[in-house]
>>> print(open('start-v1.csv').read())   # CSV, C-alpha atoms and all ligand atoms
chain,number,residue,atom,x,y,z
A,30,MET,CA,103.7,27.8,55.1
A,31,LEU,CA,100.7,25.7,54.4
A,32,SER,CA,100.2,24.5,50.9
A,33,GLU,CA,96.7,23.1,50.5
A,34,CYS,CA,94.6,22.4,47.5
A,35,LEU,CA,90.9,23.4,47.4
A,36,ARG,CA,88.9,20.6,45.9
A,37,LEU,CA,85.3,20.5,44.9
A,38,VAL,CA,83.8,17.1,44.5
A,39,GLY,CA,80.3,16.6,43.0
A,40,VAL,CA,79.1,20.0,44.2
A,41,ALA,CA,75.6,20.9,43.1
A,42,ILE,CA,73.6,24.0,43.9
A,43,GLY,CA,70.5,25.4,42.1
A,44,GLU,CA,70.8,24.7,38.4
A,45,LEU,CA,74.5,23.8,38.6
A,46,VAL,CA,75.3,20.1,39.0
A,47,ASP,CA,78.3,17.9,39.3
A,48,VAL,CA,81.0,20.5,39.8
A,49,GLY,CA,84.4,18.9,40.2
A,50,LEU,CA,87.5,21.1,40.4
A,51,THR,CA,90.9,21.1,42.1
A,52,ILE,CA,92.7,24.4,42.7
A,53,GLU,CA,96.4,24.0,43.5
A,54,PRO,CA,98.2,26.1,46.2
A,55,GLY,CA,98.8,29.6,44.8
A,56,GLU,CA,96.8,28.9,41.6
A,57,ILE,CA,94.1,31.3,40.4
A,58,VAL,CA,91.2,29.7,38.6
A,59,CYS,CA,88.7,32.1,36.9
A,60,LEU,CA,85.0,31.4,36.8
A,61,SER,CA,82.8,33.1,34.2
A,62,GLY,CA,79.2,32.7,33.0
A,63,ALA,CA,76.1,34.7,32.1
A,64,SER,CA,74.4,36.8,34.6
A,65,GLY,CA,72.2,34.5,36.8
A,66,SER,CA,74.1,31.4,35.8
A,67,GLY,CA,75.1,30.6,39.4
A,68,LYS,CA,78.7,32.0,39.9
A,69,SER,CA,77.9,33.7,43.2
A,70,ARG,CA,75.9,30.8,44.5
A,71,LEU,CA,78.7,28.4,43.7
A,72,LEU,CA,81.1,30.6,45.7
A,73,ARG,CA,78.6,30.7,48.6
A,74,ALA,CA,78.3,26.9,48.5
A,75,VAL,CA,82.1,26.6,48.7
A,76,ALA,CA,82.1,29.0,51.6
A,77,ASP,CA,79.4,26.9,53.3
A,78,LEU,CA,76.9,29.8,53.2
A,79,GLU,CA,74.2,27.8,51.3
A,80,PRO,CA,73.1,24.2,51.5
A,81,HIS,CA,74.4,22.2,48.6
A,82,ALA,CA,75.2,18.6,47.5
A,83,GLY,CA,78.8,17.3,47.3
A,84,GLU,CA,81.9,17.9,49.3
A,85,VAL,CA,84.6,20.6,49.4
A,86,TRP,CA,88.0,19.8,50.8
A,87,LEU,CA,90.8,22.2,51.9
A,88,GLY,CA,93.8,19.9,52.1
A,89,GLY,CA,92.6,17.0,54.2
A,90,GLN,CA,89.8,18.9,55.9
A,91,ALA,CA,86.2,18.3,54.7
A,92,GLN,CA,83.8,21.2,54.8
A,93,SER,CA,81.0,18.9,56.1
A,94,ARG,CA,83.1,18.0,59.2
A,95,THR,CA,84.1,21.6,59.9
A,96,PRO,CA,82.0,24.2,61.8
A,97,GLY,CA,80.8,26.8,59.3
A,98,HIS,CA,82.5,29.8,61.1
A,99,VAL,CA,85.8,27.9,61.2
A,100,TRP,CA,85.5,26.9,57.6
A,101,ARG,CA,84.7,30.5,56.5
A,102,ARG,CA,87.8,31.9,58.2
A,103,ARG,CA,89.9,29.5,56.2
A,104,VAL,CA,88.0,29.6,52.9
A,105,MET,CA,87.4,33.3,52.7
A,106,LEU,CA,84.7,34.7,50.5
A,107,VAL,CA,85.0,38.3,49.4
A,108,PRO,CA,81.6,39.1,48.0
A,109,ALA,CA,81.0,41.6,45.3
A,110,GLU,CA,79.4,43.9,47.8
A,111,SER,CA,81.3,43.9,51.1
A,112,HIS,CA,79.5,44.2,54.5
A,113,TRP,CA,80.3,46.9,57.0
A,114,TRP,CA,78.8,47.0,60.5
A,115,ALA,CA,80.8,49.4,62.7
A,116,GLU,CA,81.1,53.2,62.4
A,117,THR,CA,84.7,53.6,61.3
A,118,VAL,CA,86.9,51.7,58.8
A,119,GLY,CA,89.5,50.9,61.5
A,120,GLN,CA,87.0,49.1,63.7
A,121,HIS,CA,86.7,46.4,61.1
A,122,PHE,CA,90.4,45.4,61.3
A,123,ALA,CA,91.5,43.1,64.2
A,124,ASP,CA,95.1,44.0,63.3
A,125,GLU,CA,95.9,47.3,61.7
A,126,PRO,CA,97.1,46.8,58.1
A,127,ALA,CA,100.7,47.8,57.3
A,128,ASN,CA,101.3,51.2,55.8
A,129,ALA,CA,102.7,49.6,52.6
A,130,GLU,CA,99.5,47.6,52.2
A,131,LEU,CA,97.3,50.7,52.7
A,132,GLN,CA,99.4,52.6,50.2
A,133,ALA,CA,99.3,49.8,47.6
A,134,LEU,CA,95.5,50.1,47.5
A,135,GLY,CA,95.5,53.9,47.4
A,136,PHE,CA,94.9,54.7,51.1
A,137,THR,CA,96.9,56.1,54.1
A,138,ARG,CA,96.8,55.4,57.8
A,139,ASP,CA,94.2,58.2,58.1
A,140,THR,CA,91.7,56.1,56.2
A,141,LEU,CA,91.3,53.9,59.2
A,142,SER,CA,89.6,56.7,61.0
A,143,TRP,CA,87.1,57.4,58.2
A,144,GLN,CA,83.4,56.9,58.7
A,145,VAL,CA,82.1,53.9,56.8
A,146,ALA,CA,79.2,56.0,55.6
A,147,ARG,CA,81.5,58.2,53.4
A,148,LEU,CA,83.1,55.3,51.6
A,149,SER,CA,82.6,55.1,47.8
A,150,THR,CA,81.7,51.7,46.3
A,151,GLY,CA,85.2,51.2,44.9
A,152,GLU,CA,86.8,52.2,48.3
A,153,LYS,CA,84.6,49.6,50.0
A,154,GLN,CA,85.7,47.0,47.5
A,155,ARG,CA,89.4,47.8,48.0
A,156,LEU,CA,89.1,47.9,51.8
A,157,GLY,CA,87.0,44.7,51.8
A,158,LEU,CA,89.9,42.9,50.0
A,159,LEU,CA,92.4,44.3,52.5
A,160,ARG,CA,90.3,43.2,55.4
A,161,ALA,CA,89.8,39.7,54.1
A,162,ILE,CA,93.5,39.1,53.4
A,163,GLY,CA,94.4,40.4,56.9
A,164,ARG,CA,92.4,37.6,58.5
A,165,GLU,CA,95.0,35.0,57.4
A,166,PRO,CA,92.8,32.9,55.1
A,167,ARG,CA,94.0,29.7,53.6
A,168,ALA,CA,91.9,29.9,50.3
A,169,LEU,CA,90.2,32.8,48.6
A,170,LEU,CA,86.8,33.1,46.8
A,171,LEU,CA,86.7,36.4,45.0
A,172,ASP,CA,83.5,37.6,43.4
A,173,GLU,CA,84.4,40.1,40.7
A,174,PRO,CA,87.1,41.8,43.0
A,175,THR,CA,87.8,44.7,40.7
A,176,ALA,CA,84.3,45.2,39.3
A,177,ASN,CA,83.8,48.7,40.8
A,178,LEU,CA,87.2,50.1,39.9
A,179,ASP,CA,88.3,52.1,37.0
A,180,GLY,CA,90.8,50.5,34.6
A,181,GLU,CA,94.0,51.8,36.1
A,182,THR,CA,93.0,51.2,39.8
A,183,GLY,CA,91.6,47.8,38.8
A,184,GLU,CA,94.9,46.7,37.4
A,185,ARG,CA,96.8,48.0,40.4
A,186,VAL,CA,94.5,46.1,42.8
A,187,GLU,CA,94.7,43.0,40.6
A,188,ALA,CA,98.5,43.1,40.6
A,189,TRP,CA,98.5,43.5,44.4
A,190,LEU,CA,96.0,40.7,44.8
A,191,THR,CA,97.8,38.2,42.6
A,192,ALA,CA,101.1,38.9,44.3
A,193,ARG,CA,99.5,38.2,47.7
A,194,ILE,CA,97.9,35.0,46.4
A,195,ARG,CA,101.2,33.7,45.0
A,196,GLU,CA,103.2,34.7,48.1
A,197,HIS,CA,100.8,33.0,50.5
A,198,ARG,CA,100.0,30.1,48.1
A,199,TRP,CA,96.3,30.5,48.5
A,200,PRO,CA,94.2,28.4,46.1
A,201,THR,CA,91.8,31.0,44.6
A,202,LEU,CA,88.5,30.9,42.7
A,203,TRP,CA,88.0,34.3,41.0
A,204,VAL,CA,84.8,35.3,39.3
A,205,ALA,CA,85.8,37.5,36.3
A,206,HIS,CA,84.2,38.6,33.0
A,207,ASP,CA,86.9,40.6,31.4
A,208,ARG,CA,88.9,38.4,29.0
A,209,ARG,CA,92.0,40.5,29.5
A,210,GLN,CA,91.9,40.1,33.2
A,211,ILE,CA,91.4,36.3,32.9
A,212,ALA,CA,94.4,36.2,30.5
A,213,ARG,CA,96.5,38.1,33.0
A,214,VAL,CA,95.7,36.3,36.2
A,215,ALA,CA,94.3,32.8,35.6
A,216,SER,CA,96.1,29.5,34.9
A,217,ARG,CA,92.8,28.0,34.1
A,218,HIS,CA,89.3,29.3,33.3
A,219,TRP,CA,86.0,27.6,33.7
A,220,ARG,CA,82.7,28.9,32.6
A,221,ILE,CA,79.2,27.9,33.5
A,222,ALA,CA,77.1,26.9,30.5
A,223,SER,CA,73.7,25.1,30.7
A,224,GLY,CA,74.1,24.3,34.4
A,225,ARG,CA,77.6,22.7,34.0
A,226,LEU,CA,81.2,23.8,34.2
A,227,GLU,CA,83.1,23.7,31.0
A,228,GLU,CA,86.7,24.6,30.4
A,229,GLY,CA,87.2,28.0,28.8
A,230,GLU,CA,90.2,29.8,27.3
A,231,VAL,CA,92.8,31.8,29.2
A,232,ALA,CA,94.3,33.4,26.1
A,233,TRP,CA,92.5,34.8,23.1
A,234,ALA,CA,94.0,35.4,19.7
B,1,LIG,N1,69.0,31.4,47.9
B,1,LIG,C1,68.5,31.2,46.7
B,1,LIG,N2,67.5,30.4,46.4
B,1,LIG,C2,67.1,30.2,45.1
B,1,LIG,N3,67.6,30.8,44.1
B,1,LIG,C3,68.6,31.6,44.3
B,1,LIG,C4,69.1,31.9,45.5
B,1,LIG,N4,70.1,32.8,45.4
B,1,LIG,C5,70.2,33.1,44.1
B,1,LIG,N5,69.3,32.4,43.4
B,1,LIG,C6,69.1,32.4,42.0
B,1,LIG,O1,70.1,31.6,41.4
B,1,LIG,C7,70.5,32.1,40.1
B,1,LIG,C8,72.0,32.3,40.2
B,1,LIG,O2,72.4,33.4,41.0
B,1,LIG,P1,73.8,34.0,41.2
B,1,LIG,O3,73.8,35.1,42.2
B,1,LIG,O4,74.7,32.8,41.6
B,1,LIG,O5,74.1,34.5,39.7
B,1,LIG,P2,75.5,35.0,39.1
B,1,LIG,O6,76.0,34.0,38.1
B,1,LIG,O7,76.5,35.3,40.2
B,1,LIG,O8,75.0,36.3,38.4
B,1,LIG,P3,75.6,37.8,38.2
B,1,LIG,O9,76.7,37.8,37.2
B,1,LIG,O10,74.4,38.6,37.7
B,1,LIG,O11,76.0,38.3,39.6
B,1,LIG,C9,69.7,33.4,39.9
B,1,LIG,O12,68.7,33.1,39.1
B,1,LIG,C10,69.3,33.8,41.3
B,1,LIG,O13,68.0,34.5,41.2
>>> encode(input="start-v1.csv", output="structure tokens", more="lines below")
Ligand SMILES: Nc1ncnc2c1ncn2[C@@H]1O[C@H](COP(=O)(O)OP(=O)(O)OP(=O)(O)O)[C@@H](O)[C@H]1O
Amino acid sequence: MLSECLRLVGVAIGELVDVGLTIEPGEIVCLSGASGSGKSRLLRAVADLEPHAGEVWLGGQAQSRTPGHVWRRRVMLVPAESHWWAETVGQHFADEPANAELQALGFTRDTLSWQVARLSTGEKQRLGLLRAIGREPRALLLDEPTANLDGETGERVEAWLTARIREHRWPTLWVAHDRRQIARVASRHWRIASGRLEEGEVAWA
């Protein structure tokens, strides 16, 4: 199994400058900040979807020396709103997900034959996570992965996700607002304030 760090060195995009951060294999670092502070743009920069200053490393591999599509298969961004292009759910999966994985997220094998048009926002979010993880990434960038889910479903998905991250040792940058979620999943928490990253709490009294 590969065990690589994800390392941001002097990354700058928009108002955000000089972001330096190392995420260890299997570690979850949460990122928070006010609406519009630049969380999604930072994830997009790390995924090489927007021009930015600085460098990102996955192990010994530099983003600047890797073709974008190759980088993005390894450093997998799961945006807040997933994109769907084919007619049915199953057409979006190169390899069919295992029954146990479908069930863990509240689905059955039958779900693969569903029309994308019928999916609820929360179903899209859960299936988007399943799809991303099935593509064998080596690092994850999660933009509010449980934002559209009710409390109970959100916690179930969160537990499933954290187990996968630890099992595969993916370094993970996870945008979260909920303090309780940050306390449950993160080993470190950074928040964006005045265009810079500052270290935040992971446990609140
Ligand atoms: N391509 C772009 N060019 C210039 N400005 C952009 C671009 N994309 C986003 N912005 C702006 O950059 C700022 C940060 O956007 P971003 O989507 O990263 O916010 P966010 O912290 O994720 O907010 P939210 O919590 O509301 O999703 C916003 O003011 C947004 O309008």
>>> closest_residue(input="start-v1.csv", among="A:Gly83, A:Leu159, A:Arg103, A:Thr95", to="A:Val118", atoms="all atoms listed in the file")
A:Leu159
>>> atom_distance(input="start-v1.csv", atom1="atom CA of A:Asp124", atom2="atom CA of A:Gly163")
7.4 Å
>>> atom_distance(input="start-v1.csv", atom1="atom CA of A:Arg167", atom2="atom CA of A:Arg73")
16.2 Å
>>> residues_near_ligand(input="start-v1.csv", ligand="ligand LIG 1 (chain B)", cutoff="10 Å", atoms="all atoms listed in the file", output="VMD selection string")
chain A and resid 42 to 45 60 to 74 78 to 80 109 172 to 173 204 to 206 221
>>> closest_residue(input="start-v1.csv", among="A:Leu169, A:Gly119, A:Ser149, A:Cys59", to="A:Ser216", atoms="all atoms listed in the file")
A:Cys59
>>> residues_around(input="start-v1.csv", residues="A:Arg147", least_positions_apart="5", cutoff="12 Å", atoms="all atoms listed in the file", output="list in words")
Trp113, Glu116, Thr117, Val118, Thr140, Ser142, Glu152 and Lys153 of chain A
>>> atom_distance(input="start-v1.csv", atom1="atom CA of A:Gly151", atom2="atom CA of A:Val186")
10.8 Å
>>> closest_residue(input="start-v1.csv", among="A:Gln92, A:Val75, A:Val48, A:Gly183", to="A:Thr201", atoms="only C-alpha atoms")
A:Val75
>>> residues_around(input="start-v1.csv", residues="A:Arg195", least_positions_apart="6", cutoff="9 Å", atoms="only C-alpha atoms", output="list in words")
Pro54, Gly55, Glu56 and Ile57 of chain A
>>> closest_residue(input="start-v1.csv", among="A:Thr191, A:Gln90, A:Ser111, A:Gln120", to="A:Leu158", atoms="all atoms listed in the file")
A:Ser111
>>> residues_around(input="start-v1.csv", residues="A:Asn128", least_positions_apart="5", cutoff="9 Å", atoms="all atoms listed in the file", output="MDAnalysis selection string")
chainID A and resid 133 136:138
>>> closest_residue(input="start-v1.csv", among="A:Glu230, A:Leu171, A:Glu33, A:Arg101", to="A:Leu202", atoms="all atoms listed in the file")
A:Leu171
>>> closest_residue(input="start-v1.csv", among="A:Asp179, A:Glu125, A:Glu53, A:Asp47", to="A:Ala82", atoms="all atoms listed in the file")
A:Asp47
>>> residues_around(input="start-v1.csv", residues="A:Val58", least_positions_apart="5", cutoff="6 Å", atoms="all atoms listed in the file", output="mmCIF file with C-alpha atoms, in the frame of the given file")
data_model
loop_
_atom_site.group_PDB
_atom_site.id
_atom_site.type_symbol
_atom_site.label_atom_id
_atom_site.label_comp_id
_atom_site.auth_asym_id
_atom_site.auth_seq_id
_atom_site.Cartn_x
_atom_site.Cartn_y
_atom_site.Cartn_z
ATOM 1 C CA LEU A 202 88.500 30.900 42.700
ATOM 2 C CA ALA A 215 94.300 32.800 35.600
ATOM 3 C CA ARG A 217 92.800 28.000 34.100
ATOM 4 C CA HIS A 218 89.300 29.300 33.300
#
>>> residues_around(input="start-v1.csv", residues="A:Val38", least_positions_apart="2", cutoff="7 Å", atoms="all atoms listed in the file", output="PyMOL selection string")
chain A and resi 36+40+48-50+83-85
>>> build_atoms(input="start-v1.csv", residues="stretch 150-179 of chain A", atoms="N, CA and C atoms", output="tab-separated table (two decimals), keeping the file's coordinate frame")
chain	number	residue	atom	x	y	z
A	150	THR	N	81.82	53.15	46.55
A	150	THR	CA	81.70	51.70	46.30
A	150	THR	C	83.06	51.08	46.02
A	151	GLY	N	83.91	51.77	45.25
A	151	GLY	CA	85.20	51.20	44.90
A	151	GLY	C	86.14	51.21	46.18
A	152	GLU	N	85.99	52.22	47.05
A	152	GLU	CA	86.80	52.20	48.30
A	152	GLU	C	86.35	51.04	49.17
A	153	LYS	N	85.04	50.78	49.22
A	153	LYS	CA	84.60	49.60	50.00
A	153	LYS	C	85.14	48.33	49.43
A	154	GLN	N	85.19	48.25	48.11
A	154	GLN	CA	85.70	47.00	47.50
A	154	GLN	C	87.17	46.81	47.84
A	155	ARG	N	87.97	47.88	47.72
A	155	ARG	CA	89.40	47.80	48.00
A	155	ARG	C	89.64	47.44	49.48
A	156	LEU	N	88.91	48.13	50.37
A	156	LEU	CA	89.10	47.90	51.80
A	156	LEU	C	88.56	46.50	52.20
A	157	GLY	N	87.53	46.03	51.52
A	157	GLY	CA	87.00	44.70	51.80
A	157	GLY	C	88.05	43.62	51.47
A	158	LEU	N	88.81	43.83	50.40
A	158	LEU	CA	89.90	42.90	50.00
A	158	LEU	C	90.98	42.91	51.08
A	159	LEU	N	91.34	44.12	51.49
A	159	LEU	CA	92.40	44.30	52.50
A	159	LEU	C	92.01	43.59	53.80
A	160	ARG	N	90.77	43.79	54.18
A	160	ARG	CA	90.30	43.20	55.40
A	160	ARG	C	90.29	41.66	55.34
A	161	ALA	N	89.85	41.12	54.22
A	161	ALA	CA	89.80	39.70	54.10
A	161	ALA	C	91.20	39.06	54.14
A	162	ILE	N	92.12	39.68	53.46
A	162	ILE	CA	93.50	39.10	53.40
A	162	ILE	C	94.19	39.23	54.75
A	163	GLY	N	93.83	40.25	55.53
A	163	GLY	CA	94.40	40.40	56.90
A	163	GLY	C	93.95	39.38	57.86
A	164	ARG	N	92.93	38.62	57.51
A	164	ARG	CA	92.40	37.60	58.50
A	164	ARG	C	93.08	36.26	58.29
A	165	GLU	N	94.16	36.23	57.56
A	165	GLU	CA	95.00	35.00	57.40
A	165	GLU	C	94.14	33.83	56.85
A	166	PRO	N	93.52	34.00	55.70
A	166	PRO	CA	92.80	32.90	55.10
A	166	PRO	C	93.74	31.82	54.59
A	167	ARG	N	93.18	30.71	54.16
A	167	ARG	CA	94.00	29.70	53.60
A	167	ARG	C	93.55	29.35	52.13
A	168	ALA	N	92.42	29.94	51.73
A	168	ALA	CA	91.90	29.90	50.30
A	168	ALA	C	91.05	31.08	50.15
A	169	LEU	N	90.95	31.55	48.89
A	169	LEU	CA	90.20	32.80	48.60
A	169	LEU	C	89.10	32.48	47.56
A	170	LEU	N	87.93	33.08	47.78
A	170	LEU	CA	86.80	33.10	46.80
A	170	LEU	C	86.50	34.51	46.51
A	171	LEU	N	86.82	34.95	45.31
A	171	LEU	CA	86.70	36.40	45.00
A	171	LEU	C	85.60	36.59	43.96
A	172	ASP	N	84.60	37.37	44.33
A	172	ASP	CA	83.50	37.60	43.40
A	172	ASP	C	83.66	38.97	42.73
A	173	GLU	N	84.17	38.93	41.53
A	173	GLU	CA	84.40	40.10	40.70
A	173	GLU	C	85.15	41.20	41.59
A	174	PRO	N	86.38	40.90	42.03
A	174	PRO	CA	87.10	41.80	43.00
A	174	PRO	C	87.44	43.15	42.49
A	175	THR	N	87.43	43.35	41.18
A	175	THR	CA	87.80	44.70	40.70
A	175	THR	C	86.63	45.32	39.90
A	176	ALA	N	85.42	44.80	40.10
A	176	ALA	CA	84.30	45.20	39.30
A	176	ALA	C	83.95	46.71	39.40
A	177	ASN	N	84.16	47.27	40.59
A	177	ASN	CA	83.80	48.70	40.80
A	177	ASN	C	84.89	49.66	40.61
A	178	LEU	N	86.00	49.20	40.03
A	178	LEU	CA	87.20	50.10	39.90
A	178	LEU	C	87.44	50.47	38.49
A	179	ASP	N	87.96	51.69	38.33
A	179	ASP	CA	88.30	52.10	37.00
A	179	ASP	C	89.51	51.29	36.50
